[in-house]
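File shown: work14.csv (CSV, C-alpha atoms).
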chain,number,residue,atom,x,y,z
A,26,THR,CA,-14.6,16.5,3.3
A,27,ASP,CA,-12.6,14.4,5.7
A,28,ARG,CA,-9.1,13.4,4.6
A,29,VAL,CA,-8.7,9.8,3.5
A,30,ARG,CA,-6.0,8.7,5.9
A,31,THR,CA,-5.6,5.1,4.6
A,32,VAL,CA,-3.7,4.2,1.5
A,33,LEU,CA,-5.9,4.7,-1.6
A,34,PRO,CA,-5.4,2.4,-4.6
A,35,LEU,CA,-5.7,4.3,-7.9
A,36,MET,CA,-5.2,4.0,-11.6
A,37,ILE,CA,-2.9,6.7,-13.0
A,38,LYS,CA,-5.7,8.1,-15.1
A,39,ALA,CA,-7.8,8.7,-12.0
A,40,LEU,CA,-4.8,10.2,-10.3
A,41,HIS,CA,-4.7,12.9,-13.0
A,42,THR,CA,-8.2,14.0,-12.1
A,43,ALA,CA,-7.2,15.0,-8.6
A,44,THR,CA,-6.9,18.8,-8.1
A,45,GLN,CA,-5.5,21.2,-5.5
A,46,SER,CA,-7.2,24.5,-5.0
A,47,PRO,CA,-5.3,27.6,-3.9
A,48,GLY,CA,-5.0,27.6,-0.1
A,49,ASP,CA,-5.8,23.9,0.1
A,50,ASP,CA,-3.1,21.7,1.7
A,51,CYS,CA,-4.1,18.6,-0.2
A,52,PHE,CA,-5.3,17.2,-3.5
A,53,ARG,CA,-8.9,16.2,-3.8
A,54,LEU,CA,-10.5,13.5,-5.9
A,55,PRO,CA,-13.7,14.1,-7.8
A,56,PRO,CA,-16.6,13.7,-7.6
A,57,THR,CA,-16.8,13.7,-3.8
A,58,GLY,CA,-13.8,16.0,-3.1
A,59,ALA,CA,-12.1,13.3,-0.9
A,60,ALA,CA,-8.8,14.7,0.3
A,61,LEU,CA,-5.9,12.3,-0.6
A,62,SER,CA,-3.2,11.3,1.8
A,63,THR,CA,-1.1,8.3,0.6
A,64,VAL,CA,-1.9,6.6,-2.8
A,65,THR,CA,-0.6,3.3,-4.1
A,66,LEU,CA,-0.1,2.6,-7.8
A,67,LEU,CA,0.8,-0.5,-9.7
A,68,ALA,CA,2.6,0.3,-12.9
A,69,LYS,CA,5.4,-0.4,-15.3
A,70,ILE,CA,8.6,1.7,-15.2
A,71,THR,CA,9.2,3.0,-18.8
A,72,HIS,CA,12.0,5.4,-18.1
A,73,ILE,CA,14.5,6.3,-15.3
A,74,ALA,CA,16.5,9.4,-14.9
A,75,ASN,CA,19.3,9.4,-12.3
A,76,PHE,CA,20.0,12.6,-10.3
A,77,PRO,CA,22.4,13.1,-7.3
A,78,THR,CA,19.5,13.3,-4.9
A,79,HIS,CA,16.8,11.2,-6.4
A,80,LEU,CA,15.5,9.0,-9.2
A,81,THR,CA,12.8,10.2,-11.5
A,82,LEU,CA,10.6,7.4,-12.7
A,83,THR,CA,8.1,7.4,-15.5
A,84,LEU,CA,5.3,5.0,-14.6
A,85,PHE,CA,2.7,3.6,-17.0
A,86,ASP,CA,-0.3,1.3,-16.0
A,87,LYS,CA,-2.0,1.1,-19.4
A,88,SER,CA,-4.4,3.9,-18.4
A,89,ALA,CA,-2.0,6.8,-18.4
A,90,GLU,CA,1.6,7.9,-17.5
A,91,ALA,CA,2.8,9.6,-14.3
A,92,GLU,CA,6.1,11.1,-13.1
A,93,ALA,CA,7.3,9.9,-9.8
A,94,ARG,CA,10.4,10.8,-7.7
A,95,LEU,CA,12.2,8.6,-5.2
A,96,TRP,CA,14.5,10.5,-3.0
A,97,PHE,CA,17.8,9.1,-1.7
A,98,ASP,CA,18.4,8.9,2.1
A,99,SER,CA,21.9,9.1,3.4
A,100,ASP,CA,20.8,7.0,6.4
A,101,GLU,CA,19.2,4.3,4.3
A,102,HIS,CA,20.0,0.8,5.3
A,103,PRO,CA,22.2,-1.0,2.7
A,104,ALA,CA,19.7,-3.9,2.4
A,105,ALA,CA,16.9,-1.4,1.7
A,106,ALA,CA,19.0,0.4,-0.9
A,107,ALA,CA,19.8,-2.9,-2.6
A,108,ARG,CA,16.1,-3.8,-2.8
A,109,ARG,CA,15.2,-0.4,-4.2
A,110,ALA,CA,17.9,-0.7,-6.8
A,111,ALA,CA,16.7,-4.1,-7.8
A,112,ALA,CA,13.1,-2.9,-8.1
A,113,CYS,CA,13.9,0.3,-10.1
A,114,GLU,CA,14.6,-1.1,-13.5
A,115,VAL,CA,13.1,-0.1,-16.9
A,116,GLY,CA,10.5,-2.6,-18.0
A,117,ARG,CA,9.7,-3.8,-14.4
A,118,TRP,CA,6.2,-3.7,-12.9
A,119,VAL,CA,6.3,-2.2,-9.4
A,120,ARG,CA,4.0,-1.3,-6.5
A,121,VAL,CA,4.6,2.2,-5.3
A,122,PHE,CA,3.4,4.3,-2.3
A,123,GLY,CA,3.6,8.0,-2.2
A,124,GLN,CA,1.8,11.4,-2.0
A,125,LEU,CA,0.9,13.9,-4.7
A,126,ARG,CA,2.9,17.1,-4.9
A,127,GLU,CA,2.7,20.2,-7.1
A,128,VAL,CA,6.1,21.3,-8.4
A,129,PRO,CA,6.2,24.8,-9.8
A,130,GLY,CA,6.9,24.8,-13.5
A,131,GLU,CA,6.6,21.0,-13.7
A,132,GLY,CA,3.1,20.1,-12.6
A,133,THR,CA,1.9,17.3,-10.4
A,134,ILE,CA,4.3,14.4,-9.5
A,135,VAL,CA,4.1,11.5,-7.0
A,136,ASN,CA,6.7,11.7,-4.2
A,137,LEU,CA,7.5,8.1,-3.4
A,138,HIS,CA,8.4,6.7,-0.1
A,139,HIS,CA,8.3,3.0,-1.0
A,140,VAL,CA,8.9,0.9,-4.2
A,141,ARG,CA,8.8,-2.8,-4.5
A,142,ALA,CA,8.9,-5.2,-7.5
A,143,VAL,CA,5.7,-7.1,-8.5
A,144,GLU,CA,6.4,-10.8,-8.5
A,145,ASP,CA,2.9,-12.2,-8.9
A,146,PRO,CA,1.0,-11.3,-12.1
A,147,ASN,CA,-2.3,-11.8,-10.2
A,148,GLU,CA,-1.4,-8.6,-8.3
A,149,LEU,CA,-2.1,-6.6,-11.5
A,150,VAL,CA,-5.7,-7.9,-11.6
A,151,PHE,CA,-6.4,-7.5,-7.9
A,152,HIS,CA,-5.0,-3.9,-7.9
A,153,ARG,CA,-7.6,-3.0,-10.5
A,154,LEU,CA,-10.3,-4.6,-8.4
A,155,GLU,CA,-9.1,-2.6,-5.4
A,156,CYS,CA,-9.3,0.6,-7.5
A,157,VAL,CA,-12.9,-0.1,-8.4
A,158,GLN,CA,-13.9,-1.0,-4.9
A,159,ALA,CA,-12.2,2.1,-3.4
A,160,TYR,CA,-14.0,4.3,-6.0
A,161,VAL,CA,-17.4,2.8,-5.1
A,162,GLN,CA,-16.7,3.3,-1.4
A,163,LEU,CA,-15.8,6.9,-2.1
A,164,LEU,CA,-19.2,7.5,-3.6
A,165,ARG,CA,-21.0,6.3,-0.5
A,166,PRO,CA,-21.9,8.5,2.5
A,167,ASN,CA,-19.2,8.7,5.2
A,168,ALA,CA,-16.7,7.4,2.6
A,169,PRO,CA,-13.5,8.4,4.4
A,170,HIS,CA,-14.6,6.4,7.5
A,171,ARG,CA,-15.6,3.4,5.4
A,172,LEU,CA,-12.6,3.4,3.1
A,173,ARG,CA,-10.2,1.9,5.7
A,174,ASN,CA,-12.1,-1.4,5.5
A,175,ALA,CA,-12.3,-1.2,1.7
A,176,ALA,CA,-8.8,-0.4,0.7
A,177,GLY,CA,-6.7,-3.5,0.5
A,178,ALA,CA,-9.6,-5.9,0.5
A,179,ALA,CA,-8.6,-7.4,-2.8
A,180,ALA,CA,-5.0,-7.8,-1.6
A,181,ARG,CA,-6.3,-9.7,1.5
A,182,ASN,CA,-8.4,-11.9,-0.8
A,183,ASN,CA,-5.3,-12.6,-2.9
A,184,ALA,CA,-3.3,-13.9,0.1
A,185,PRO,CA,-2.6,-17.6,0.0
A,186,GLY,CA,-5.6,-19.6,1.1
A,187,ALA,CA,-7.9,-16.6,1.0
A,188,TYR,CA,-11.4,-16.9,-0.4
A,189,GLY,CA,-11.4,-15.8,-4.0
A,190,ALA,CA,-7.6,-16.1,-4.3
A,191,ALA,CA,-6.5,-17.2,-7.8
A,192,PRO,CA,-5.7,-21.0,-7.8
A,193,ALA,CA,-2.3,-22.1,-8.9
A,194,TYR,CA,-1.8,-22.1,-12.7
A,195,GLY,CA,-3.0,-25.4,-14.0
A,196,ALA,CA,-4.9,-26.4,-10.9
A,197,PRO,CA,-8.5,-27.8,-11.4
A,198,GLN,CA,-11.2,-25.2,-11.3
A,199,PRO,CA,-14.3,-25.7,-9.1
A,200,ALA,CA,-17.5,-26.4,-10.8
A,201,TYR,CA,-19.7,-23.5,-11.7
A,202,GLY,CA,-22.1,-22.8,-8.8
A,203,ALA,CA,-20.1,-25.0,-6.3
A,204,PRO,CA,-20.1,-23.7,-2.7
A,205,PRO,CA,-16.9,-22.3,-1.3
A,206,GLN,CA,-14.5,-24.9,0.0
A,207,ALA,CA,-13.8,-24.8,3.7
A,208,SER,CA,-10.4,-26.5,3.6
A,209,SER,CA,-7.1,-24.8,3.1
A,210,GLY,CA,-6.2,-23.5,-0.4
A,211,TYR,CA,-8.7,-22.2,-2.9
A,212,GLY,CA,-11.9,-21.1,-1.2
A,213,ALA,CA,-10.6,-21.2,2.3
A,214,ALA,CA,-11.6,-18.3,4.6
A,215,ALA,CA,-8.9,-15.7,5.0
A,216,PRO,CA,-7.6,-15.3,8.5
A,217,ALA,CA,-8.2,-11.8,9.7
A,218,PRO,CA,-9.0,-10.0,13.0
A,219,SER,CA,-12.7,-9.8,13.6
A,220,GLY,CA,-14.9,-8.2,16.2
A,221,ALA,CA,-13.9,-6.0,19.0
A,222,GLY,CA,-10.8,-8.2,19.8
A,223,GLY,CA,-9.5,-7.7,16.3
A,224,SER,CA,-9.9,-3.9,16.5
A,225,ARG,CA,-8.3,-3.8,19.9
A,226,ASP,CA,-5.3,-5.8,18.7
A,227,GLU,CA,-4.9,-3.7,15.6
A,228,GLN,CA,-4.9,-0.5,17.6
A,229,LEU,CA,-2.4,-1.9,20.1
A,230,VAL,CA,0.0,-2.8,17.3
A,231,ILE,CA,-0.5,0.6,15.6
A,232,ASP,CA,0.2,2.4,18.9
A,233,ALA,CA,3.3,0.3,19.5
A,234,LEU,CA,4.6,0.9,15.9
A,235,ARG,CA,4.1,4.7,16.4
A,236,ALA,CA,5.7,4.7,19.8
A,237,ALA,CA,8.8,2.7,18.7
A,238,ASP,CA,9.3,4.6,15.4
A,239,THR,CA,12.5,6.7,15.7
A,240,GLY,CA,12.1,8.2,12.3
A,241,SER,CA,14.6,5.8,10.7
A,242,HIS,CA,13.7,4.4,7.3
A,243,ASP,CA,14.5,1.0,8.7
A,244,GLY,CA,11.1,0.9,10.4
A,245,VAL,CA,10.3,-1.1,13.6
A,246,ASP,CA,11.2,-4.7,14.3
A,247,ILE,CA,8.1,-6.8,15.1
A,248,ASN,CA,10.0,-8.2,18.1
A,249,VAL,CA,10.0,-4.7,19.5
A,250,VAL,CA,6.3,-4.5,18.9
A,251,ALA,CA,5.7,-7.9,20.5
A,252,GLN,CA,7.6,-6.8,23.6
A,253,GLN,CA,5.5,-3.7,24.0
A,254,VAL,CA,2.1,-5.5,23.7
A,255,GLN,CA,2.9,-8.7,25.7
A,256,GLN,CA,1.4,-7.0,28.8
A,257,PHE,CA,-1.9,-7.3,26.9
A,258,ASN,CA,-1.5,-11.0,26.5
A,259,MET,CA,-0.6,-10.7,22.8
A,260,SER,CA,1.8,-13.3,21.5
A,261,ARG,CA,4.4,-12.7,18.8
A,262,GLY,CA,2.4,-14.9,16.5
A,263,ARG,CA,-0.7,-12.8,17.1
A,264,VAL,CA,1.4,-9.6,16.4
A,265,LEU,CA,2.5,-11.1,13.1
A,266,GLU,CA,-1.1,-11.9,12.2
A,267,VAL,CA,-2.2,-8.3,12.9
A,268,ILE,CA,0.8,-6.9,11.0
A,269,LYS,CA,-0.1,-9.0,8.0
A,270,ALA,CA,-3.7,-7.7,8.2
A,271,LEU,CA,-2.5,-4.1,8.5
A,272,TYR,CA,-0.2,-4.7,5.5
A,273,ALA,CA,-3.0,-6.0,3.4
A,274,ASN,CA,-5.1,-2.9,4.3
A,275,GLY,CA,-2.2,-0.7,3.2
A,276,MET,CA,-1.8,0.7,6.7
A,277,VAL,CA,1.8,-0.4,7.1
A,278,TYR,CA,4.5,-1.2,4.7
A,279,GLU,CA,7.6,-3.4,4.8
A,280,THR,CA,11.0,-1.7,4.9
A,281,ILE,CA,14.4,-3.5,5.0
A,282,ASP,CA,13.0,-7.1,5.4
A,283,GLU,CA,9.9,-9.1,6.3
A,284,THR,CA,10.2,-8.3,10.0
A,285,HIS,CA,10.5,-4.5,9.8
A,286,TYR,CA,7.5,-2.2,9.2
A,287,LYS,CA,6.4,1.4,9.2
A,288,LEU,CA,3.0,3.1,9.4
A,289,SER,CA,1.9,4.4,6.0
A,290,SER,CA,0.6,7.6,7.4
Represent the structure from my file as structure tokens, please.
Amino acid sequence: TDRVRTVLPLMIKALHTATQSPGDDCFRLPPTGAALSTVTLLAKITHIANFPTHLTLTLFDKSAEAEARLWFDSDEHPAAAARRAAACEVGRWVRVFGQLREVPGEGTIVNLHHVRAVEDPNELVFHRLECVQAYVQLLRPNAPHRLRNAAGAAARNNAPGAYGAAPAYGAPQPAYGAPPQASSGYGAAAPAPSGAGGSRDEQLVIDALRAADTGSHDGVDINVVAQQVQQFNMSRGRVLEVIKALYANGMVYETIDETHYKLSS
């Protein structure tokens, strides 16, 4: 089975079903045996243990609990450290990204490389929709190749102005059976790359991020990406659009601020 190289949204209960066979270099998710790369969970922190080299977090998403570890980096940017500290509080709901690891004598844990606080309650609902959609895609033929388009679709739909996005609390609801609205706001079409042009631009940005990545946890400034792709007639605004689409797909994640990103895998 091909390795799923996009970020896969999962509930923790499903995470516990993943297994690793002797000699296999990755965990696999039943029933298809899809090999996991990076997973994203949305859960509540119920306990934190501080160690000199890392934090151990107990995460609970109402389906099950999981242990996760967030390792400290001596080269971490102060702003990133401050954001991590603000997110890692008992009782806070967080979005985490990481990989499964088997620790001898301790079992399976999630090694985290990114944690951020959940600010919008709607994200809890849309994460569950993402999990369902990703699972359905995994059951289909050629699942690993199809999953890149599936993972993060609910997140895209929850973007402001996207079709299907939750309207503001207290806003009037459209009548049952009413056609989607074409104006901005609820019911508007989500801006996203489409066709060959969209695929080309996404690949150019991915290649530029990979080429400019020095290995620092600070990530790559989008201005650096814009400079690298301007020869292909891509404006900074277009780069930002593509970055947002890649972020919604879980292919990149934000680091020290809203203008620095790293590839998820």
ask   = Smallest atom-to-atom distance to Thr65 (chain A): which of A:Leu80, A:Ala111, A:Val32, A:Leu125, using only C-alpha atoms?
value = A:Val32
request  = Take CA of Leu164 (chain A) and CA of Pro34 (chain A) and report the distance between them in Å, one decimal.
outcome  = 14.7 Å
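With distances restricted to all atoms listed in the file, A:Asp282 is the closest residue to Ala107 (chain A) from A:Asp282, A:Lys287, A:Val264, A:Leu61.
The space between CA of His41 (chain A) and CA of Val135 (chain A) spans 10.7 Å.
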note = If you count all atoms listed in the file, the residue of A:Thr284, A:Gln255, A:Asn136, A:Ser62 closest to Ile268 (chain A) turns out to be A:Thr284
query = Given the choices A:Asp243, A:Glu266, A:Glu283, A:Asp50, which gets closest to Glu101 (chain A) if the distance is worked out from all atoms listed in the file?
reply = A:Asp243
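Of note, CA of Gly123 (chain A) and CA of Ser224 (chain A) are spaced 26.0 Å apart.
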ask   = Using all atoms listed in the file, which residues sit within 10 Å of Thr71 (chain A) once same-chain residues fewer than 2 positions away are excluded, as a list in words?
value = Ala68, Lys69, Ile73, Leu82, Thr83, Leu84, Phe85, Glu90, Glu114, Val115, Gly116, Arg117 and Trp118 of chain A
I'd like the neighbourhood of Gly262 (chain A) as a PDB file with C-alpha atoms, in the frame of the given file, where a residue qualifies if any of its atoms comes within 12 Å (using all atoms listed in the file), though same-chain residues fewer than 3 positions away should be ignored.
ATOM      1  CA  ILE A 247       8.100  -6.800  15.100  1.00  0.00           C
ATOM      2  CA  ASN A 248      10.000  -8.200  18.100  1.00  0.00           C
ATOM      3  CA  VAL A 250       6.300  -4.500  18.900  1.00  0.00           C
ATOM      4  CA  ALA A 251       5.700  -7.900  20.500  1.00  0.00           C
ATOM      5  CA  GLN A 252       7.600  -6.800  23.600  1.00  0.00           C
ATOM      6  CA  VAL A 254       2.100  -5.500  23.700  1.00  0.00           C
ATOM      7  CA  GLN A 255       2.900  -8.700  25.700  1.00  0.00           C
ATOM      8  CA  ASN A 258      -1.500 -11.000  26.500  1.00  0.00           C
ATOM      9  CA  MET A 259      -0.600 -10.700  22.800  1.00  0.00           C
ATOM     10  CA  LEU A 265       2.500 -11.100  13.100  1.00  0.00           C
ATOM     11  CA  GLU A 266      -1.100 -11.900  12.200  1.00  0.00           C
ATOM     12  CA  VAL A 267      -2.200  -8.300  12.900  1.00  0.00           C
ATOM     13  CA  ILE A 268       0.800  -6.900  11.000  1.00  0.00           C
ATOM     14  CA  LYS A 269      -0.100  -9.000   8.000  1.00  0.00           C
TER      15      LYS A 269
END
Proximity to Tyr286 (chain A) - best of A:Phe257, A:His139, A:Leu229, A:Val150, all atoms listed in the file = A:His139
